[in-house]
file target.csv (CSV, C-alpha atoms and all ligand atoms)
chain,number,residue,atom,x,y,z
A,310,MET,CA,-8.9,32.4,-7.9
A,311,LYS,CA,-11.3,30.3,-10.0
A,312,LYS,CA,-14.2,28.5,-8.2
A,313,LEU,CA,-14.1,24.9,-9.2
A,314,ASN,CA,-16.5,21.9,-9.2
A,315,ILE,CA,-14.6,19.0,-7.6
A,316,LEU,CA,-15.7,15.3,-7.4
A,317,ALA,CA,-13.9,13.3,-4.8
A,318,ASN,CA,-15.2,10.0,-6.0
A,319,ASP,CA,-13.5,7.7,-3.5
A,320,GLY,CA,-13.8,10.1,-0.5
A,321,ILE,CA,-11.7,12.9,1.0
A,322,ALA,CA,-10.8,13.9,4.5
A,323,ALA,CA,-13.5,16.0,6.1
A,324,SER,CA,-11.0,18.8,7.0
A,325,ALA,CA,-9.9,19.0,3.3
A,326,ARG,CA,-13.5,19.2,2.1
A,327,MET,CA,-14.3,22.0,4.6
A,328,GLN,CA,-11.2,23.9,3.5
A,329,LEU,CA,-12.1,23.6,-0.2
A,330,GLU,CA,-15.7,24.7,0.5
A,331,LYS,CA,-14.4,27.6,2.5
A,332,GLU,CA,-12.4,28.7,-0.5
A,333,GLY,CA,-15.6,28.8,-2.5
A,334,HIS,CA,-15.3,25.5,-4.4
A,335,ARG,CA,-18.2,23.0,-4.8
A,336,VAL,CA,-17.2,19.5,-3.6
A,337,PHE,CA,-19.2,16.4,-4.5
A,338,THR,CA,-18.4,13.4,-2.4
A,339,GLU,CA,-21.1,10.9,-3.4
A,340,LYS,CA,-19.7,7.7,-4.9
A,341,VAL,CA,-20.6,7.8,-8.6
A,342,GLU,CA,-20.6,4.3,-10.2
A,343,GLN,CA,-18.0,3.8,-12.9
A,344,GLU,CA,-20.7,3.5,-15.7
A,345,ARG,CA,-22.3,6.9,-14.7
A,346,LEU,CA,-19.0,8.8,-14.1
A,347,ALA,CA,-18.6,10.4,-17.5
A,348,ASP,CA,-22.2,11.7,-17.5
A,349,PHE,CA,-21.9,13.0,-14.0
A,350,ILE,CA,-18.7,14.9,-14.8
A,351,ASN,CA,-20.2,16.5,-17.8
A,352,GLU,CA,-23.6,17.3,-16.3
A,353,ASN,CA,-22.0,18.9,-13.2
A,354,ASN,CA,-19.2,20.6,-15.0
A,355,ILE,CA,-16.6,18.8,-12.8
A,356,GLN,CA,-13.1,20.3,-13.4
A,357,VAL,CA,-11.2,18.4,-10.8
A,358,LEU,CA,-11.6,14.6,-10.2
A,359,VAL,CA,-10.0,13.2,-7.0
A,360,VAL,CA,-9.7,9.4,-6.8
A,361,ARG,CA,-8.1,6.7,-4.7
A,362,SER,CA,-7.5,3.3,-6.2
A,363,ALA,CA,-11.1,2.2,-6.7
A,364,THR,CA,-12.2,4.6,-9.5
A,365,LYS,CA,-10.7,3.7,-12.8
A,366,VAL,CA,-9.7,6.6,-15.1
A,367,ARG,CA,-9.2,4.9,-18.5
A,368,LYS,CA,-9.1,6.0,-22.1
A,369,ASP,CA,-12.9,5.5,-22.6
A,370,LEU,CA,-13.7,7.9,-19.7
A,371,LEU,CA,-11.1,10.4,-20.7
A,372,ASP,CA,-12.5,10.5,-24.2
A,373,LYS,CA,-16.0,11.5,-22.9
A,374,VAL,CA,-15.2,14.1,-20.1
A,375,LYS,CA,-15.2,17.6,-21.5
A,376,PRO,CA,-14.7,20.0,-18.5
A,377,LEU,CA,-12.0,17.9,-16.7
A,378,GLY,CA,-8.7,19.7,-16.2
A,379,LEU,CA,-7.1,18.0,-13.2
A,380,ILE,CA,-7.1,14.5,-11.8
A,381,ILE,CA,-5.6,13.9,-8.4
A,382,ARG,CA,-4.8,10.4,-7.2
A,383,ALA,CA,-5.1,10.6,-3.4
A,384,GLY,CA,-2.3,8.2,-2.8
A,385,VAL,CA,0.7,6.8,-4.6
A,386,GLY,CA,0.1,4.2,-7.4
A,387,LEU,CA,-1.1,5.7,-10.7
A,388,ASP,CA,-2.0,2.3,-12.2
A,389,ASN,CA,-5.7,3.0,-12.2
A,390,ILE,CA,-5.2,6.1,-14.4
A,391,ASP,CA,-4.2,6.2,-18.1
A,392,THR,CA,-1.7,9.0,-17.3
A,393,ASP,CA,-0.1,9.3,-20.8
A,394,TYR,CA,-3.5,9.5,-22.5
A,395,ALA,CA,-4.7,12.1,-20.0
A,396,ALA,CA,-1.5,14.2,-20.8
A,397,GLN,CA,-2.3,13.9,-24.5
A,398,LYS,CA,-5.8,15.3,-23.7
A,399,GLY,CA,-4.2,18.2,-21.8
A,400,ILE,CA,-5.5,16.9,-18.4
A,401,THR,CA,-3.0,17.2,-15.6
A,402,VAL,CA,-2.5,14.1,-13.3
A,403,GLN,CA,-1.0,14.4,-9.9
A,404,ASN,CA,-0.6,12.2,-6.9
A,405,THR,CA,0.3,12.6,-3.2
A,406,PRO,CA,3.3,10.4,-3.0
A,407,GLY,CA,4.8,10.9,0.5
A,408,ALA,CA,1.6,11.3,2.6
A,409,SER,CA,0.9,7.6,3.3
A,410,SER,CA,4.4,6.1,3.5
A,411,HIS,CA,4.5,5.9,7.3
A,412,SER,CA,1.0,4.4,7.6
A,413,VAL,CA,1.8,1.6,5.0
A,414,ALA,CA,5.0,0.8,6.8
A,415,GLU,CA,3.2,0.5,10.2
A,416,LEU,CA,0.6,-1.8,8.7
A,417,VAL,CA,3.5,-4.0,7.3
A,418,MET,CA,5.0,-4.0,10.8
A,419,ALA,CA,1.7,-5.0,12.3
A,420,HIS,CA,1.4,-7.9,9.8
A,421,LEU,CA,5.0,-9.0,10.7
A,422,LEU,CA,4.6,-8.8,14.4
A,423,GLY,CA,1.3,-10.5,14.2
A,424,GLY,CA,2.6,-13.2,11.9
A,425,VAL,CA,5.5,-14.3,14.0
A,426,ARG,CA,3.1,-14.8,17.0
A,427,PHE,CA,0.3,-16.4,15.0
A,428,LEU,CA,-2.2,-13.6,15.7
A,429,HIS,CA,-3.9,-14.0,12.3
A,430,GLN,CA,-4.6,-17.6,13.2
A,431,SER,CA,-5.5,-17.3,16.9
A,432,ASN,CA,-7.8,-14.4,16.2
A,433,ARG,CA,-9.8,-16.7,14.0
A,434,GLU,CA,-9.8,-19.6,16.5
A,435,MET,CA,-10.2,-17.9,19.9
A,436,PRO,CA,-13.8,-16.7,19.2
A,437,LEU,CA,-14.8,-20.3,18.2
A,438,ARG,CA,-12.8,-22.5,20.6
A,439,GLY,CA,-11.3,-20.2,23.2
A,440,ASP,CA,-13.7,-21.2,26.0
A,441,THR,CA,-13.6,-24.9,25.3
A,442,ASP,CA,-10.1,-25.6,24.0
A,443,PHE,CA,-8.0,-22.9,25.6
A,444,LYS,CA,-5.1,-25.2,26.5
A,445,ALA,CA,-5.0,-26.8,23.0
A,446,LEU,CA,-4.9,-23.3,21.5
A,447,LYS,CA,-2.2,-22.2,23.9
A,448,LYS,CA,-0.1,-25.1,22.8
A,449,ALA,CA,-0.9,-24.5,19.1
A,450,TYR,CA,0.1,-20.9,19.2
A,451,SER,CA,3.2,-21.1,21.4
A,452,GLY,CA,6.6,-21.3,19.8
A,453,GLY,CA,6.4,-18.0,18.0
A,454,THR,CA,9.6,-16.0,17.4
A,455,GLU,CA,10.9,-12.5,18.2
A,456,VAL,CA,11.8,-10.2,15.3
A,457,LYS,CA,14.8,-8.7,17.2
A,458,GLY,CA,18.0,-9.9,15.5
A,459,LYS,CA,16.2,-11.4,12.5
A,460,THR,CA,16.7,-10.1,9.0
A,461,LEU,CA,14.1,-8.1,7.1
A,462,GLY,CA,14.5,-8.1,3.4
A,463,ILE,CA,13.0,-5.0,1.7
A,464,ILE,CA,12.4,-5.2,-2.1
A,465,GLY,CA,11.9,-1.6,-3.4
A,466,PHE,CA,13.8,0.9,-1.3
A,467,GLY,CA,11.8,4.1,-2.0
A,468,ARG,CA,9.6,6.0,0.4
A,469,ILE,CA,7.8,3.2,2.1
A,470,GLY,CA,10.7,0.7,2.0
A,471,ARG,CA,12.8,3.3,3.9
A,472,GLU,CA,10.1,4.1,6.4
A,473,LEU,CA,9.9,0.3,7.1
A,474,ALA,CA,13.6,0.0,7.4
A,475,LYS,CA,13.6,2.7,10.1
A,476,MET,CA,11.0,0.8,12.1
A,477,ALA,CA,13.0,-2.4,11.7
A,478,ILE,CA,16.2,-0.7,12.9
A,479,GLY,CA,14.2,0.5,16.0
A,480,LEU,CA,13.3,-3.1,16.7
A,481,GLU,CA,16.9,-4.1,16.4
A,482,MET,CA,16.4,-6.1,13.3
A,483,LYS,CA,19.0,-6.4,10.5
A,484,VAL,CA,17.9,-4.9,7.1
A,485,LEU,CA,18.8,-6.0,3.6
A,486,ALA,CA,17.4,-3.9,0.8
A,487,TYR,CA,17.3,-4.5,-3.0
A,488,ASP,CA,16.4,-1.8,-5.4
A,489,PRO,CA,17.9,-1.7,-9.0
A,490,PHE,CA,17.7,2.1,-9.0
A,491,ILE,CA,19.2,2.9,-5.6
A,492,ASP,CA,22.7,2.1,-4.4
A,493,GLU,CA,22.5,3.4,-0.9
A,494,ALA,CA,20.2,5.5,1.3
A,495,GLU,CA,20.7,7.6,4.4
A,496,LEU,CA,18.0,7.1,6.9
A,497,ARG,CA,17.3,9.4,9.8
A,498,LEU,CA,15.5,8.2,12.9
A,499,ILE,CA,14.0,11.0,15.0
A,500,PHE,CA,13.1,10.1,18.5
A,501,PHE,CA,10.4,11.4,20.9
A,502,ASP,CA,12.7,13.7,22.8
A,503,GLY,CA,14.3,15.3,19.7
A,504,GLN,CA,17.4,13.2,19.6
A,505,SER,CA,18.1,11.6,16.2
A,506,ALA,CA,20.4,9.0,14.7
A,507,GLY,CA,21.6,8.5,11.1
A,508,PHE,CA,21.8,5.1,9.5
A,509,ARG,CA,23.3,4.4,6.0
A,510,ILE,CA,22.1,1.3,4.1
A,511,LYS,CA,23.8,0.1,1.0
A,512,THR,CA,21.5,-2.0,-1.2
A,513,VAL,CA,22.4,-5.6,-2.1
A,514,THR,CA,21.4,-7.9,-4.9
A,515,LYS,CA,18.0,-9.5,-5.1
A,516,GLU,CA,19.5,-12.9,-4.6
A,517,GLU,CA,21.2,-11.8,-1.4
A,518,VAL,CA,17.9,-10.6,0.0
A,519,LEU,CA,16.1,-13.8,-1.1
A,520,LYS,CA,18.8,-16.0,0.4
A,521,ASN,CA,19.3,-14.3,3.7
A,522,ALA,CA,16.1,-12.7,4.8
A,523,ASP,CA,13.8,-14.2,7.4
A,524,PHE,CA,11.0,-11.9,6.2
A,525,ILE,CA,10.6,-10.2,2.9
A,526,SER,CA,8.4,-7.1,2.3
A,527,LEU,CA,7.8,-5.7,-1.2
A,528,HIS,CA,7.5,-1.9,-1.9
A,529,VAL,CA,7.7,-1.7,-5.6
A,530,PRO,CA,5.3,-0.1,-8.1
A,531,ALA,CA,2.9,-2.3,-10.1
A,532,GLN,CA,4.8,-4.7,-12.4
A,533,LYS,CA,4.1,-6.6,-15.6
A,534,GLU,CA,5.7,-9.8,-14.1
A,535,PRO,CA,5.7,-10.9,-10.4
A,536,VAL,CA,8.9,-9.8,-8.5
A,537,ILE,CA,8.5,-13.0,-6.4
A,538,GLY,CA,7.4,-16.2,-8.1
A,539,PRO,CA,8.2,-19.9,-7.7
A,540,LYS,CA,11.9,-19.4,-8.7
A,541,GLU,CA,12.4,-16.7,-6.1
A,542,MET,CA,10.5,-18.6,-3.4
A,543,GLU,CA,12.8,-21.6,-4.0
A,544,ILE,CA,15.8,-19.5,-3.1
A,545,MET,CA,14.3,-18.1,0.1
A,546,LYS,CA,15.1,-19.5,3.5
A,547,PRO,CA,12.9,-22.4,4.7
A,548,GLY,CA,10.2,-21.0,7.0
A,549,ALA,CA,10.6,-17.4,5.8
A,550,ALA,CA,7.6,-15.1,5.3
A,551,ILE,CA,6.5,-12.6,2.6
A,552,ILE,CA,4.4,-9.4,3.1
A,553,ASN,CA,2.9,-7.7,0.1
A,554,ALA,CA,1.4,-4.2,0.7
A,555,ALA,CA,2.6,-2.9,-2.7
A,556,ARG,CA,0.4,-4.0,-5.6
A,557,GLY,CA,-1.5,-7.1,-6.4
A,558,GLY,CA,0.5,-9.4,-8.6
A,559,VAL,CA,4.0,-8.4,-7.5
A,560,VAL,CA,3.9,-11.7,-5.6
A,561,ASP,CA,2.7,-14.7,-7.6
A,562,GLU,CA,-0.4,-15.7,-5.6
A,563,THR,CA,-0.6,-19.3,-6.9
A,564,ALA,CA,3.1,-19.9,-6.0
A,565,LEU,CA,2.5,-18.3,-2.6
A,566,ILE,CA,-0.3,-20.7,-1.7
A,567,LYS,CA,1.8,-23.7,-2.8
A,568,ALA,CA,4.8,-22.5,-0.7
A,569,LEU,CA,2.6,-22.0,2.3
A,570,ASP,CA,0.9,-25.4,1.9
A,571,GLU,CA,4.3,-27.2,1.5
A,572,GLY,CA,5.7,-25.4,4.5
A,573,LYS,CA,8.4,-23.6,2.6
A,574,LEU,CA,7.0,-20.3,3.9
A,575,SER,CA,5.7,-20.1,7.5
A,576,PHE,CA,3.3,-17.3,6.8
A,577,ALA,CA,2.5,-14.5,4.5
A,578,ALA,CA,0.5,-11.2,4.6
A,579,LEU,CA,-1.4,-9.5,1.9
A,580,ASP,CA,-2.9,-6.0,1.9
A,581,VAL,CA,-3.2,-6.0,-1.9
A,582,PHE,CA,-4.5,-8.6,-4.4
A,583,ALA,CA,-4.2,-9.4,-8.1
A,584,ASP,CA,-8.0,-9.5,-8.2
A,585,GLU,CA,-9.3,-6.5,-6.3
A,586,PRO,CA,-12.0,-6.1,-5.1
A,587,THR,CA,-12.8,-9.8,-5.4
A,588,PRO,CA,-9.8,-11.8,-4.1
A,589,PRO,CA,-10.2,-15.6,-4.4
A,590,VAL,CA,-11.6,-17.6,-1.5
A,591,ARG,CA,-8.5,-19.8,-1.6
A,592,LEU,CA,-6.5,-16.8,-0.4
A,593,LEU,CA,-9.2,-15.4,2.0
A,594,MET,CA,-9.6,-18.8,3.8
A,595,HIS,CA,-5.9,-19.7,4.0
A,596,PRO,CA,-4.9,-20.2,7.6
A,597,LYS,CA,-1.3,-19.0,7.1
A,598,LEU,CA,-2.3,-15.7,5.5
A,599,SER,CA,-2.7,-12.5,7.5
A,600,LEU,CA,-5.1,-10.3,5.4
A,601,THR,CA,-6.2,-6.7,5.2
A,602,PRO,CA,-8.5,-5.2,2.5
A,603,HIS,CA,-6.0,-2.7,1.0
A,604,THR,CA,-5.9,-0.5,4.1
A,605,GLY,CA,-2.2,0.4,4.1
A,606,ALA,CA,-2.9,4.1,3.7
A,607,SER,CA,-6.2,4.2,5.5
A,608,THR,CA,-5.2,5.9,8.8
A,609,ARG,CA,-6.7,9.2,10.0
A,610,GLU,CA,-3.2,10.8,9.9
A,611,ALA,CA,-2.4,9.7,6.3
A,612,GLN,CA,-5.8,10.8,5.1
A,613,GLU,CA,-5.4,14.2,6.8
A,614,ARG,CA,-1.9,14.6,5.2
A,615,ILE,CA,-3.3,13.5,1.8
A,616,GLY,CA,-6.2,16.0,2.2
A,617,LYS,CA,-3.8,18.9,2.9
A,618,GLU,CA,-1.8,18.0,-0.2
A,619,ILE,CA,-5.0,17.9,-2.3
A,620,VAL,CA,-6.1,21.3,-1.0
A,621,ASN,CA,-2.7,22.8,-2.0
A,622,LYS,CA,-2.7,21.2,-5.4
A,623,ILE,CA,-6.2,22.5,-6.1
A,624,LYS,CA,-5.2,26.0,-4.9
A,625,ASP,CA,-2.3,26.0,-7.4
A,626,PHE,CA,-4.7,24.8,-10.2
A,627,ALA,CA,-7.3,27.4,-9.4
A,628,SER,CA,-4.9,30.4,-9.2
A,701,LIG,P1,8.5,4.8,-4.4
A,701,LIG,O1,8.4,5.2,-5.9
A,701,LIG,O2,9.0,5.8,-3.4
A,701,LIG,O3,9.5,3.5,-4.3
A,701,LIG,C1,9.4,2.4,-5.1
A,701,LIG,C2,10.8,1.8,-5.3
A,701,LIG,O4,10.7,0.6,-6.0
A,701,LIG,C3,11.7,2.8,-6.2
A,701,LIG,O5,12.8,3.1,-5.4
A,701,LIG,C4,12.1,1.9,-7.4
A,701,LIG,O6,13.4,2.1,-7.8
A,701,LIG,C5,11.8,0.5,-6.9
A,701,LIG,N1,11.6,-0.5,-7.9
A,701,LIG,C6,10.9,-0.4,-9.0
A,701,LIG,N2,10.9,-1.6,-9.7
A,701,LIG,C7,11.6,-2.5,-8.8
A,701,LIG,C8,11.9,-3.9,-8.9
A,701,LIG,N3,11.5,-4.6,-9.9
A,701,LIG,N4,12.6,-4.4,-7.9
A,701,LIG,C9,13.0,-3.7,-6.8
A,701,LIG,N5,12.7,-2.4,-6.7
A,701,LIG,C10,12.0,-1.8,-7.7
A,701,LIG,O7,7.1,4.2,-4.0
A,701,LIG,P2,6.5,4.1,-2.6
A,701,LIG,O8,5.8,5.3,-2.2
A,701,LIG,O9,7.5,3.5,-1.6
A,701,LIG,O10,5.3,3.0,-2.9
A,701,LIG,C11,5.7,1.6,-3.1
A,701,LIG,C12,4.4,0.8,-3.5
A,701,LIG,O11,3.5,0.9,-2.4
A,701,LIG,C13,3.7,1.3,-4.7
A,701,LIG,O12,3.3,0.1,-5.5
A,701,LIG,C14,2.4,1.9,-4.2
A,701,LIG,O13,1.4,1.7,-5.1
A,701,LIG,C15,2.2,1.0,-3.0
A,701,LIG,N6,1.3,1.6,-2.0
A,701,LIG,C16,0.4,0.8,-1.4
A,701,LIG,C17,-0.4,1.3,-0.4
A,701,LIG,C18,-1.4,0.5,0.3
A,701,LIG,O14,-2.5,1.0,0.7
A,701,LIG,N7,-1.1,-0.8,0.5
A,701,LIG,C19,-0.4,2.7,-0.1
A,701,LIG,C20,0.5,3.5,-0.8
A,701,LIG,C21,1.4,2.9,-1.7
call {"tool": "encode", "arguments": {"input": "target.csv", "output": "structure tokens"}}
result
Amino acid sequence: MKKLNILANDGIAASARMQLEKEGHRVFTEKVEQERLADFINENNIQVLVVRSATKVRKDLLDKVKPLGLIIRAGVGLDNIDTDYAAQKGITVQNTPGASSHSVAELVMAHLLGGVRFLHQSNREMPLRGDTDFKALKKAYSGGTEVKGKTLGIIGFGRIGRELAKMAIGLEMKVLAYDPFIDEAELRLIFFDGQSAGFRIKTVTKEEVLKNADFISLHVPAQKEPVIGPKEMEIMKPGAAIINAARGGVVDETALIKALDEGKLSFAALDVFADEPTPPVRLLMHPKLSLTPHTGASTREAQERIGKEIVNKIKDFAS
């Protein structure tokens, strides 16, 4: 087995690093700035580059890096890597597609359960006014809703969309899913004592989802045009909500703010932003937005699973 020099530029689970080092590889985990990356790779003879979404692997970098043979995206979306150009250069690009699905779905559920009970707002207000205006805040944040019996619309019914559907079914929600490439999906819910239940969901049209869902969550890859813009928001139920933990830009952020300000939507949640890592203040300060800094996959469990997949992929590459 070849001994490799590996740069995990956006970090790697400690257990994966230990395993790789045990196998005789050299693992660099310091964050190398984008401008210095090509030099670092060449000077340290880096053959494997592991990135999350922060490091950009574009044509200009690929043109300069001589020793690189394998790029691993620790996660799903490959939009930060020029994959076709890498292939032309003979560099293999791989990702770890399934490892984070459950974590992303749980974060979406957290945003949803928080949104219907105004947690995003009361968490901002309680530290400031909880001791002086308790009764006013109690009044302001009463009148939330349950999710049980409500309809969750899922746009993009791949790995994460299906994980989310299983959670929604567990909460006794209705699920409407739209995916132009999938007609139906068989879901299996496995319970704590080993019992399980199967559930078949046929997808419907985008319009049906928009018209009937109380909440819509997007789980599509990066797109050239928004999947939900002003036209789609117009069709949605008054008081509905949108959650985007897919990619920045799949929801038109300007239209989203307008719909929130006009009361068309009751709340929205964003884990991803068109302008990462500097989202605009008008989003960050909006009282009807529940926000997280792209942490959908950032659980210990997901990172462990991703780490294991990376170790296996490097093992294959080294053999
Ligand atoms: P997946 O490939 O399993 O599923 C995506 C689905 O979207 C596919 O079934 C595809 O047919 C469908 N699709 C494509 N274009 C569509 C469109 N215009 N309308 C409706 N459906 C469409 O991917 P996944 O693993 O479920 O990941 C989904 C998204 O989540 C990706 O954008 C990924 O980058 C993102 N993601 C975010 C985080 C995070 O930290 N927030 C972590 C992991 C993945």
call {"tool": "residues_around", "arguments": {"input": "target.csv", "residues": "Leu598 (chain A)", "least_positions_apart": "2", "cutoff": "8 Å", "atoms": "all atoms listed in the file", "output": "ChimeraX atom specification"}}
result
/A:429,576-579,592-593,595-596,600
call {"tool": "residues_around", "arguments": {"input": "target.csv", "residues": "region 515-517 of chain A", "least_positions_apart": "6", "cutoff": "8 Å", "atoms": "all atoms listed in the file", "output": "list in words"}}
result
Ile464, Tyr487, Asp488 and Ile544 of chain A
call {"tool": "residues_near_ligand", "arguments": {"input": "target.csv", "ligand": "ligand LIG 701 (chain A)", "cutoff": "6 Å", "atoms": "all atoms listed in the file", "output": "PyMOL selection string"}}
result
chain A and resi 384-386+406+409-410+413+464-470+487-490+528-531+536+554-556+580+603-606
call {"tool": "atom_distance", "arguments": {"input": "target.csv", "atom1": "CA of Asn318 (chain A)", "atom2": "CA of Gly558 (chain A)"}}
result
25.1 Å
call {"tool": "atom_distance", "arguments": {"input": "target.csv", "atom1": "CA of Ala317 (chain A)", "atom2": "CA of Ser628 (chain A)"}}
result
19.8 Å
call {"tool": "closest_residue", "arguments": {"input": "target.csv", "among": "A:Gly479, A:Pro535, A:Gly453, A:Gly507", "to": "Ala564 (chain A)", "atoms": "all atoms listed in the file"}}
result
A:Pro535
call {"tool": "closest_residue", "arguments": {"input": "target.csv", "among": "A:Phe443, A:Phe500, A:Phe337, A:Phe524", "to": "Gly424 (chain A)", "atoms": "only C-alpha atoms"}}
result
A:Phe524
call {"tool": "residues_around", "arguments": {"input": "target.csv", "residues": "Leu485 (chain A)", "least_positions_apart": "5", "cutoff": "9 Å", "atoms": "all atoms listed in the file", "output": "list in words"}}
result
Thr460, Leu461, Gly462, Ile463, Ile464, Ala474, Ile510, Lys511, Thr512, Val513, Glu517, Val518, Asn521 and Ala522 of chain A
call {"tool": "closest_residue", "arguments": {"input": "target.csv", "among": "A:Ala445, A:Ala414, A:Ile499, A:Ile623", "to": "Ser526 (chain A)", "atoms": "all atoms listed in the file"}}
result
A:Ala414
call {"tool": "residues_around", "arguments": {"input": "target.csv", "residues": "Ala611 (chain A)", "least_positions_apart": "2", "cutoff": "9 Å", "atoms": "only C-alpha atoms", "output": "list in words"}}
result
Ala408, Ser409, Ser410, His411, Ser412, Ala606, Ser607, Thr608, Arg609, Glu613, Arg614, Ile615 and Gly616 of chain A
